[in-house]
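Student: Next up is a structure, given as structure tokens.
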Amino acid sequence: MSALMEAGGGHDPSQMIDFLHGAADVEEVGRATVHGYETTHYRTVVDLRDAAAAAPPEIRDRVASSVDRLIELSGESSYPMDVWVDDANLVRRMKYVMDYTEVDP
């Protein structure tokens with residue numbers, strides 16, 4: 001899972017926007033202030049395999065492995081996501097829900 005977070009900018013918030021390359025049909029919801037920053041609120045569905053394919057080449061294999069495990073655990077290969085991005089393209093808030101309640105241990 002750490003490789004997936006690394007691909008999503010877990011170590012560099014300015015790269016978090018790259019994680020959204022796995023998203024299709026991004027909808028602009030509107031503007032909002034988040035922790036004092038003016039942001040644009042987006043809603044989309046992220047496909048984990050597409051996000052892994054968009055990861056930087058040096059970590060793509062690790063990300064793909066993490067994605068495969070996440071899909072195995074959750075039974076889902078995509079999930080809805082809301083993201084608030086400021087004018088410098090920094091993600092200021094991100095919200096998503098991954099439901100594991102129906103997965104056998």
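In the structure tokens, chains take the letters A, B, ... in the order shown, each chain's residues start at 1, and ligands count up from 1 in the order shown.
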Excluding same-chain residues fewer than 3 positions from Val83 (chain A), what lies within 12 Å of it counting only C-alpha atoms, as a VMD selection string?

Tutor: chain A and resid 16 to 17 19 to 20 23 26 to 32 34 39 to 46 80 86 89 to 96

Student: May I ask for the distance between CA of Ser77 (chain A) and CA of Leu48 (chain A), given in Å to one decimal place?

Tutor: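 Separation of CA of Ser77 (chain A) and CA of Leu48 (chain A): 5.6 Å.
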
Student: Need the shell around Val97 (chain A): protein/DNA/RNA residues with any atom at most 10 Å away, counting only C-alpha atoms. Skip same-chain ones fewer than 5 positions apart. Format as a ChimeraX atom specification?

Tutor: /A:79-82

Student: Residues of the last selection are to be written out with all heavy atoms, as a short mmCIF file (atom, residue, chain, number, x, y, z; two decimals), in the first residue's frame.

Tutor:
data_model
loop_
_atom_site.label_atom_id
_atom_site.label_comp_id
_atom_site.auth_asym_id
_atom_site.auth_seq_id
_atom_site.Cartn_x
_atom_site.Cartn_y
_atom_site.Cartn_z
N TYR A 79 -13.36 3.41 -7.16
CA TYR A 79 -14.14 3.97 -6.06
C TYR A 79 -14.34 5.46 -6.29
O TYR A 79 -13.53 6.13 -6.94
CB TYR A 79 -13.49 3.70 -4.70
CG TYR A 79 -12.06 4.17 -4.60
CD1 TYR A 79 -11.77 5.43 -4.11
CD2 TYR A 79 -11.02 3.34 -4.99
CE1 TYR A 79 -10.47 5.86 -4.01
CE2 TYR A 79 -9.71 3.78 -4.90
CZ TYR A 79 -9.45 5.04 -4.41
OH TYR A 79 -8.15 5.46 -4.33
N PRO A 80 -15.45 6.01 -5.75
CA PRO A 80 -15.71 7.43 -5.90
C PRO A 80 -14.76 8.25 -5.02
O PRO A 80 -14.33 7.79 -3.97
CB PRO A 80 -17.16 7.59 -5.43
CG PRO A 80 -17.40 6.40 -4.56
CD PRO A 80 -16.51 5.31 -5.05
N MET A 81 -14.46 9.45 -5.48
CA MET A 81 -13.55 10.32 -4.76
C MET A 81 -13.96 11.78 -4.95
O MET A 81 -14.34 12.17 -6.04
CB MET A 81 -12.11 10.11 -5.28
CG MET A 81 -11.09 11.02 -4.64
SD MET A 81 -9.43 10.78 -5.33
CE MET A 81 -8.97 9.26 -4.51
N ASP A 82 -13.88 12.53 -3.86
CA ASP A 82 -14.03 13.98 -3.90
C ASP A 82 -12.67 14.57 -3.56
O ASP A 82 -12.00 14.11 -2.63
CB ASP A 82 -15.06 14.44 -2.88
CG ASP A 82 -16.47 14.13 -3.32
OD1 ASP A 82 -17.05 14.99 -4.00
OD2 ASP A 82 -16.98 13.05 -3.00
#

Student: So that I can check the secondary structure, give me every residue of region 25-67 of chain A assigned strand (DSSP E or B) by backbone DSSP, as a list in words.

Tutor: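 Answer for region 25-67 of chain A, restricted to strand (DSSP E or B): Asp25, Val26, Glu27, Glu28, Val29, Gly30, Arg31, Ala32, Thr33, Val34, Tyr37, Glu38, Thr39, Thr40, His41, Tyr42, Arg43, Thr44, Val45, Val46 and Asp47 of chain A.
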